[in-house]
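K.L.:
Supplied structure: run.cif, mmCIF, C-alpha atoms.
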```cif
data_protein
loop_
_atom_site.group_PDB
_atom_site.id
_atom_site.type_symbol
_atom_site.label_atom_id
_atom_site.label_comp_id
_atom_site.auth_asym_id
_atom_site.auth_seq_id
_atom_site.Cartn_x
_atom_site.Cartn_y
_atom_site.Cartn_z
ATOM 1 C CA MET A 230 -29.459 44.878 8.782
ATOM 2 C CA PHE A 231 -28.540 43.264 12.163
ATOM 3 C CA ALA A 232 -26.397 44.293 15.111
ATOM 4 C CA VAL A 233 -25.349 42.735 18.416
ATOM 5 C CA LEU A 234 -24.642 44.638 21.605
ATOM 6 C CA VAL A 235 -22.868 42.795 24.399
ATOM 7 C CA SER A 236 -23.160 44.501 27.770
ATOM 8 C CA GLY A 237 -20.057 46.638 28.323
ATOM 9 C CA ARG A 238 -18.850 46.454 24.700
ATOM 10 C CA LEU A 239 -19.248 48.435 21.486
ATOM 11 C CA VAL A 240 -22.058 47.570 19.066
ATOM 12 C CA GLN A 241 -21.109 44.897 16.508
ATOM 13 C CA THR A 242 -22.481 45.254 12.989
ATOM 14 C CA ASN A 243 -19.895 43.086 11.230
ATOM 15 C CA TYR A 244 -21.582 39.752 10.549
ATOM 16 C CA GLN A 245 -20.563 36.997 8.182
ATOM 17 C CA GLU A 246 -23.199 35.817 5.721
ATOM 18 C CA ILE A 247 -23.348 31.998 5.678
ATOM 19 C CA SER A 248 -26.215 31.637 3.184
ATOM 20 C CA SER A 249 -29.072 33.737 1.864
ATOM 21 C CA ASN A 250 -30.996 33.296 5.135
ATOM 22 C CA LYS A 251 -28.204 32.766 7.716
ATOM 23 C CA CYS A 252 -25.469 34.916 9.201
ATOM 24 C CA VAL A 253 -23.174 34.823 12.258
ATOM 25 C CA PHE A 254 -21.484 37.293 14.580
ATOM 26 C CA ASP A 255 -18.272 36.280 16.390
ATOM 27 C CA LEU A 256 -18.280 36.984 20.118
ATOM 28 C CA ASP A 257 -14.736 37.263 21.497
ATOM 29 C CA ASN A 258 -14.073 36.302 25.109
ATOM 30 C CA ALA A 259 -17.517 34.710 25.210
ATOM 31 C CA THR A 260 -17.269 33.232 28.700
ATOM 32 C CA SER A 261 -17.378 36.761 30.133
ATOM 33 C CA ILE A 262 -20.694 37.597 28.427
ATOM 34 C CA HIS A 263 -23.736 37.791 30.668
ATOM 35 C CA ASN A 264 -26.283 39.746 28.629
ATOM 36 C CA LEU A 265 -26.606 40.764 25.016
ATOM 37 C CA ALA A 266 -29.067 42.427 22.689
ATOM 38 C CA VAL A 267 -29.718 41.569 19.066
ATOM 39 C CA PHE A 268 -31.498 44.168 16.983
ATOM 40 C CA MET A 269 -32.250 45.383 13.512
ATOM 41 C CA THR A 270 -30.258 48.486 12.574
ATOM 42 C CA GLY A 271 -33.099 50.080 10.622
ATOM 43 C CA SER A 272 -31.116 50.198 7.398
ATOM 44 C CA GLN A 273 -33.612 47.778 5.843
ATOM 45 C CA PRO A 274 -36.510 45.688 7.136
ATOM 46 C CA LEU A 275 -36.669 41.911 7.014
ATOM 47 C CA PRO A 276 -38.298 40.544 3.867
ATOM 48 C CA SER A 277 -42.083 40.675 4.156
ATOM 49 C CA GLY A 278 -43.558 37.684 5.985
ATOM 50 C CA THR A 279 -40.309 36.654 7.729
ATOM 51 C CA GLY A 280 -38.741 36.711 11.178
ATOM 52 C CA ALA A 281 -35.188 36.122 12.403
ATOM 53 C CA VAL A 282 -34.474 33.358 14.938
ATOM 54 C CA ILE A 283 -31.461 34.038 17.177
ATOM 55 C CA PHE A 284 -29.072 31.238 18.204
ATOM 56 C CA LEU A 285 -25.983 31.072 20.429
ATOM 57 C CA GLY A 286 -23.264 28.594 19.464
ATOM 58 C CA TRP A 287 -20.137 27.425 21.309
ATOM 59 C CA PRO A 288 -17.126 25.687 19.810
ATOM 60 C CA PRO A 289 -17.130 23.258 18.032
ATOM 61 C CA PHE A 290 -20.515 24.637 16.846
ATOM 62 C CA ASP A 291 -22.237 21.272 16.447
ATOM 63 C CA ASN A 292 -25.221 22.415 18.518
ATOM 64 C CA TRP A 293 -26.833 25.815 18.908
ATOM 65 C CA ASN A 294 -28.992 27.222 21.721
ATOM 66 C CA CYS A 295 -32.128 28.933 20.447
ATOM 67 C CA LEU A 296 -32.437 32.252 22.340
ATOM 68 C CA GLY A 297 -35.449 33.922 20.743
ATOM 69 C CA TYR A 298 -36.423 35.951 17.718
ATOM 70 C CA ILE A 299 -36.769 39.418 16.232
ATOM 71 C CA SER A 300 -39.039 40.618 13.452
ATOM 72 C CA ASN A 301 -40.189 43.808 11.772
ATOM 73 C CA ASP A 302 -42.828 44.101 14.531
ATOM 74 C CA LYS A 303 -40.309 43.199 17.282
ATOM 75 C CA PRO A 304 -36.989 44.635 16.015
ATOM 76 C CA SER A 305 -34.891 43.947 19.130
ATOM 77 C CA ALA A 306 -34.517 41.400 21.916
ATOM 78 C CA LEU A 307 -32.447 41.107 25.093
ATOM 79 C CA PHE A 308 -30.987 37.780 26.173
ATOM 80 C CA LYS A 309 -29.397 36.589 29.403
ATOM 81 C CA VAL A 310 -26.701 34.205 28.197
ATOM 82 C CA ASN A 311 -24.500 33.552 31.229
ATOM 83 C CA GLN A 312 -26.664 30.521 32.035
ATOM 84 C CA VAL A 313 -26.577 29.161 28.478
ATOM 85 C CA GLN A 314 -23.718 26.686 28.513
ATOM 86 C CA HIS A 315 -22.423 24.848 25.470
ATOM 87 C CA SER A 316 -23.309 21.534 27.131
ATOM 88 C CA GLN A 317 -26.971 22.591 27.255
ATOM 89 C CA ALA A 318 -27.351 23.049 23.501
ATOM 90 C CA PHE A 319 -30.546 21.629 22.096
ATOM 91 C CA THR A 320 -30.953 22.977 18.580
ATOM 92 C CA THR A 321 -28.740 22.162 15.622
ATOM 93 C CA ALA A 322 -28.907 24.971 13.098
ATOM 94 C CA GLY A 323 -25.710 24.457 11.060
ATOM 95 C CA PHE A 324 -23.990 27.835 11.153
ATOM 96 C CA GLY A 325 -20.289 28.524 10.710
ATOM 97 C CA THR A 326 -17.166 26.672 11.802
ATOM 98 C CA PRO A 327 -15.247 26.687 15.091
ATOM 99 C CA THR A 328 -13.157 29.728 15.930
ATOM 100 C CA MET A 329 -10.803 29.664 18.935
ATOM 101 C CA VAL A 330 -7.954 32.012 19.728
ATOM 102 C CA GLY A 331 -5.705 30.634 22.509
ATOM 103 C CA GLU A 332 -7.653 30.753 25.776
ATOM 104 C CA ASN A 333 -10.099 33.252 24.290
ATOM 105 C CA ILE A 334 -13.230 31.251 23.483
ATOM 106 C CA VAL A 335 -15.062 32.754 20.533
ATOM 107 C CA ALA A 336 -18.775 31.954 20.522
ATOM 108 C CA GLN A 337 -21.139 32.942 17.752
ATOM 109 C CA ILE A 338 -24.586 34.474 17.447
ATOM 110 C CA GLY A 339 -26.383 32.847 14.541
ATOM 111 C CA ILE A 340 -29.362 34.477 12.877
ATOM 112 C CA GLU A 341 -31.679 32.495 10.609
ATOM 113 C CA ILE A 342 -34.442 34.173 8.607
ATOM 114 C CA LEU A 343 -37.578 32.012 8.441
ATOM 115 C CA PRO A 344 -41.248 32.496 7.513
ATOM 116 C CA ILE A 345 -42.882 34.504 10.322
ATOM 117 C CA SER A 346 -45.665 31.920 10.712
ATOM 118 C CA GLU A 347 -43.046 29.267 11.552
ATOM 119 C CA VAL A 348 -41.260 31.607 13.971
ATOM 120 C CA LEU A 349 -44.454 32.655 15.757
ATOM 121 C CA HIS A 350 -45.676 29.065 15.975
ATOM 122 C CA GLN A 351 -42.385 27.963 17.549
ATOM 123 C CA PHE A 352 -42.164 30.824 20.039
ATOM 124 C CA GLY A 353 -45.885 31.087 20.732
ATOM 125 C CA THR A 354 -45.749 27.498 21.931
ATOM 126 C CA ARG A 355 -42.679 28.206 24.087
ATOM 127 C CA GLU A 356 -44.247 31.314 25.632
ATOM 128 C CA GLN A 357 -47.455 29.407 26.412
ATOM 129 C CA GLN A 358 -45.447 26.571 27.983
ATOM 130 C CA SER A 359 -43.486 29.116 30.018
ATOM 131 C CA GLU A 360 -46.709 30.741 31.277
ATOM 132 C CA ARG A 361 -48.145 27.325 32.242
ATOM 133 C CA SER A 362 -44.880 26.453 33.963
ATOM 134 C CA VAL A 363 -44.936 29.645 36.040
ATOM 135 C CA THR A 364 -48.572 29.036 36.997
ATOM 136 C CA ASN A 365 -47.788 25.432 37.982
ATOM 137 C CA ASN A 366 -44.750 26.526 40.005
ATOM 138 C CA VAL A 367 -46.754 29.145 41.899
ATOM 139 C CA SER A 368 -49.544 26.651 42.555
ATOM 140 C CA PHE A 369 -47.035 24.013 43.701
ATOM 141 C CA CYS A 370 -45.385 26.444 46.140
ATOM 142 C CA GLN A 371 -48.714 27.557 47.562
ATOM 143 C CA LYS A 372 -49.931 23.997 48.074
ATOM 144 C CA MET A 373 -46.596 22.847 49.492
ATOM 145 C CA LEU A 374 -46.531 25.669 52.050
ATOM 146 C CA THR A 375 -50.185 25.086 52.968
ATOM 147 C CA SER A 376 -49.349 21.412 53.520
ATOM 148 C CA PHE A 377 -46.412 22.340 55.735
ATOM 149 C CA TYR A 378 -48.445 24.878 57.705
ATOM 150 C CA ASN A 379 -51.273 22.393 58.319
ATOM 151 C CA TYR A 380 -48.850 19.626 59.298
ATOM 152 C CA SER A 381 -46.797 21.794 61.652
ATOM 153 C CA ALA A 382 -49.889 23.390 63.218
ATOM 154 C CA SER A 383 -50.963 19.970 64.458
ATOM 155 C CA TYR A 384 -47.746 19.821 66.538
ATOM 156 C CA GLN A 385 -47.818 23.352 67.909
ATOM 157 C CA ILE A 386 -46.808 24.030 71.486
ATOM 158 C CA GLU A 387 -47.920 27.017 73.478
ATOM 159 C CA LEU A 388 -45.184 28.525 75.603
ATOM 160 C CA GLN A 389 -46.333 29.849 78.917
ATOM 161 C CA PRO A 390 -46.651 33.590 78.887
ATOM 162 C CA ASN A 391 -44.812 35.762 81.291
ATOM 163 C CA HIS A 392 -45.488 39.322 82.261
ATOM 164 C CA MET A 393 -43.210 40.566 79.425
ATOM 165 C CA ARG A 394 -44.859 38.827 76.480
ATOM 166 C CA PRO A 395 -48.174 37.284 75.446
ATOM 167 C CA PRO A 396 -48.512 33.523 74.807
ATOM 168 C CA GLU A 397 -46.848 32.324 71.589
ATOM 169 C CA LEU A 398 -47.243 29.146 69.558
ATOM 170 C CA PHE A 399 -44.195 27.113 68.468
ATOM 171 C CA PHE A 400 -43.562 23.756 66.880
ATOM 172 C CA PRO A 401 -40.583 21.461 67.460
ATOM 173 C CA ALA A 402 -37.770 21.871 64.909
ATOM 174 C CA ASN A 403 -37.803 18.168 63.959
ATOM 175 C CA ILE A 404 -41.345 18.630 62.586
ATOM 176 C CA LEU A 405 -39.925 20.333 59.499
ATOM 177 C CA GLU A 406 -37.700 17.323 58.860
ATOM 178 C CA LYS A 407 -40.591 14.857 59.369
ATOM 179 C CA TRP A 408 -42.906 16.822 57.079
ATOM 180 C CA TYR A 409 -40.235 17.156 54.383
ATOM 181 C CA SER A 410 -39.493 13.433 54.447
ATOM 182 C CA LYS A 411 -43.197 12.565 54.046
ATOM 183 C CA PHE A 412 -43.716 15.182 51.350
ATOM 184 C CA GLU A 413 -40.650 14.018 49.408
ATOM 185 C CA ASN A 414 -41.751 10.359 49.585
ATOM 186 C CA ARG A 415 -45.204 11.266 48.293
ATOM 187 C CA LEU A 416 -43.605 13.230 45.416
ATOM 188 C CA LYS A 417 -41.455 10.247 44.491
ATOM 189 C CA LYS A 418 -44.499 7.948 44.401
ATOM 190 C CA ASP A 419 -46.730 10.409 42.539
ATOM 191 C CA PRO A 420 -45.183 13.641 41.165
ATOM 192 C CA ASP A 421 -48.667 15.146 40.737
ATOM 193 C CA PHE A 422 -50.084 14.280 44.174
ATOM 194 C CA TRP A 423 -49.789 17.904 45.281
ATOM 195 C CA LYS A 424 -52.446 18.960 42.763
ATOM 196 C CA SER A 425 -55.088 17.253 44.913
ATOM 197 C CA LEU A 426 -54.004 18.944 48.179
#
```
Go ahead and express the file in the form of structure tokens.

P.N.:
Amino acid sequence: MFAVLVSGRLVQTNYQEISSNKCVFDLDNATSIHNLAVFMTGSQPLPSGTGAVIFLGWPPFDNWNCLGYISNDKPSALFKVNQVQHSQAFTTAGFGTPTMVGENIVAQIGIEILPISEVLHQFGTREQQSERSVTNNVSFCQKMLTSFYNYSASYQIELQPNHMRPPELFFPANILEKWYSKFENRLKKDPDFWKSL
């Protein structure tokens, strides 16, 4: 039903069933994994009205990182996992037991089948938060750069032209440091002050 493809490796279809709605794949040499795909093989669909939530677990498998989901309507997903560290785990899902072989750290992909309404509610909220976050980040950058431009423009210096080039405007290098210090202090006092710029 499920398969995992780690970049640069053969497809894995050998999962261990933990319960009627949970299974795990072992990922040998897990610290070398950067990207992976989880997909449905097509041998059979998920039960009607369900979706499969994908988790990544590191030894000792007390906490699991929720990566995303697949469903009959979305039968595959790609994940960038090189930034998912075991210390950043935030979801406890209760799959499997630790597996370590010498220095080879064996991580696990856990798959939990849940009602699709629950899956879509959970990930719809995350996707909406992600979209708002991107919009806020873009807005913050635009307002921060506008603030810097306006501040530095008030200190501009015109260099005298010569016969080789037209007049150019410059600002002293220490202006960047002064602006940054003021901007940082304002952020510390009110993290949302930039929204009114």

K.L.:
So, counting only C-alpha atoms, which residue among A:Ser383, A:Asn250, A:Ser305, A:Ser272 is closest to Ile404 of chain A?

P.N.:
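Checking each of A:Ser383, A:Asn250, A:Ser305, A:Ser272 against Ile404 of chain A, counting only C-alpha atoms, the winner is A:Ser383.
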
K.L.:
Exactly which residues make up the result of the PyMOL selection byres ((chain A and resi 302) around 10) on this file, given as a VMD selection string?

P.N.:
chain A and resid 274 to 275 280 299 to 301 303 to 305

K.L.:
Out of A:Tyr244, A:Phe254, A:Phe231, A:Phe284, which residue has the shortest atom-to-atom distance to Thr270 of chain A when counting all atoms listed in the file?

P.N.:
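Using all atoms listed in the file, Thr270 of chain A sits closest to A:Phe231.
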
K.L.:
Using all atoms listed in the file, find the one residue out of A:Leu307, A:Ser236, A:Met230, A:Val348 that sits nearest to Gln273 of chain A.

P.N.:
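Of all the options, A:Met230 lies closest to Gln273 of chain A.
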
K.L.:
Running the PyMOL selection byres ((chain A and resi 238) around 12) on this model by hand, what would come out? Give it as an MDAnalysis selection string.

P.N.:
chainID A and resid 233:237 239:241 256:259 261:266

K.L.:
Considering all atoms listed in the file, can you say which of A:Met269, A:Ala336, A:Met393, A:Ile342 comes closest to Ile247 of chain A?

P.N.:
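For Ile247 of chain A, the nearest of the given residues is A:Ile342.
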
K.L.:
Rounded to one decimal place, report the atom CA of Pro420 of chain A-atom CA of His350 of chain A distance in Å.

P.N.:
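Between these atoms lies a distance of 29.5 Å.
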
K.L.:
Which residues match the PyMOL selection byres ((chain A and resi 422) around 12) in the file above, as a list in words?

P.N.:
Phe369, Lys372, Met373, Ser376, Phe412, Glu413, Asn414, Arg415, Leu416, Lys417, Lys418, Asp419, Pro420, Asp421, Trp423, Lys424, Ser425 and Leu426 of chain A

K.L.:
Quick one: distance from atom CA of Cys370 of chain A to atom CA of Leu405 of chain A in Å, one decimal?

P.N.:
15.7 Å

K.L.:
Please compute the atom CA of Phe399 of chain A-atom CA of Asn366 of chain A distance, one decimal, in Å.

P.N.:
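Taking atom CA of Phe399 of chain A as the start and atom CA of Asn366 of chain A as the end point, the length is 28.5 Å.
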
K.L.:
Quick one: of A:Thr260, A:Asn379, A:Thr242, A:Gln351, who's nearest to Gly286 of chain A, counting all atoms listed in the file?

P.N.:
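Of the candidates, the smallest distance to Gly286 of chain A is held by A:Thr260.
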
K.L.:
Counting only C-alpha atoms, figure out which residue out of A:Val267, A:Cys252, A:Leu343, A:Ala402 gets nearest to Lys309 of chain A.

P.N.:
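Result for the nearest residue to Lys309 of chain A: A:Val267.
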
K.L.:
Could you please give me, as a ChimeraX atom specification, the residues of protein, DNA or RNA lying at most 6 Å from (-37.1, 33.0, 17.8) in the coordinate frame of the file, considering all atoms listed in the file?

P.N.:
/A:282-283,297-298,348,352

K.L.:
Got a sec: who's within 6 Å of Pro344 of chain A, counting all atoms listed in the file, leaving out chain neighbours fewer than 2 positions off, as a list in words?

P.N.:
Gly278, Thr279, Ser346 and Glu347 of chain A
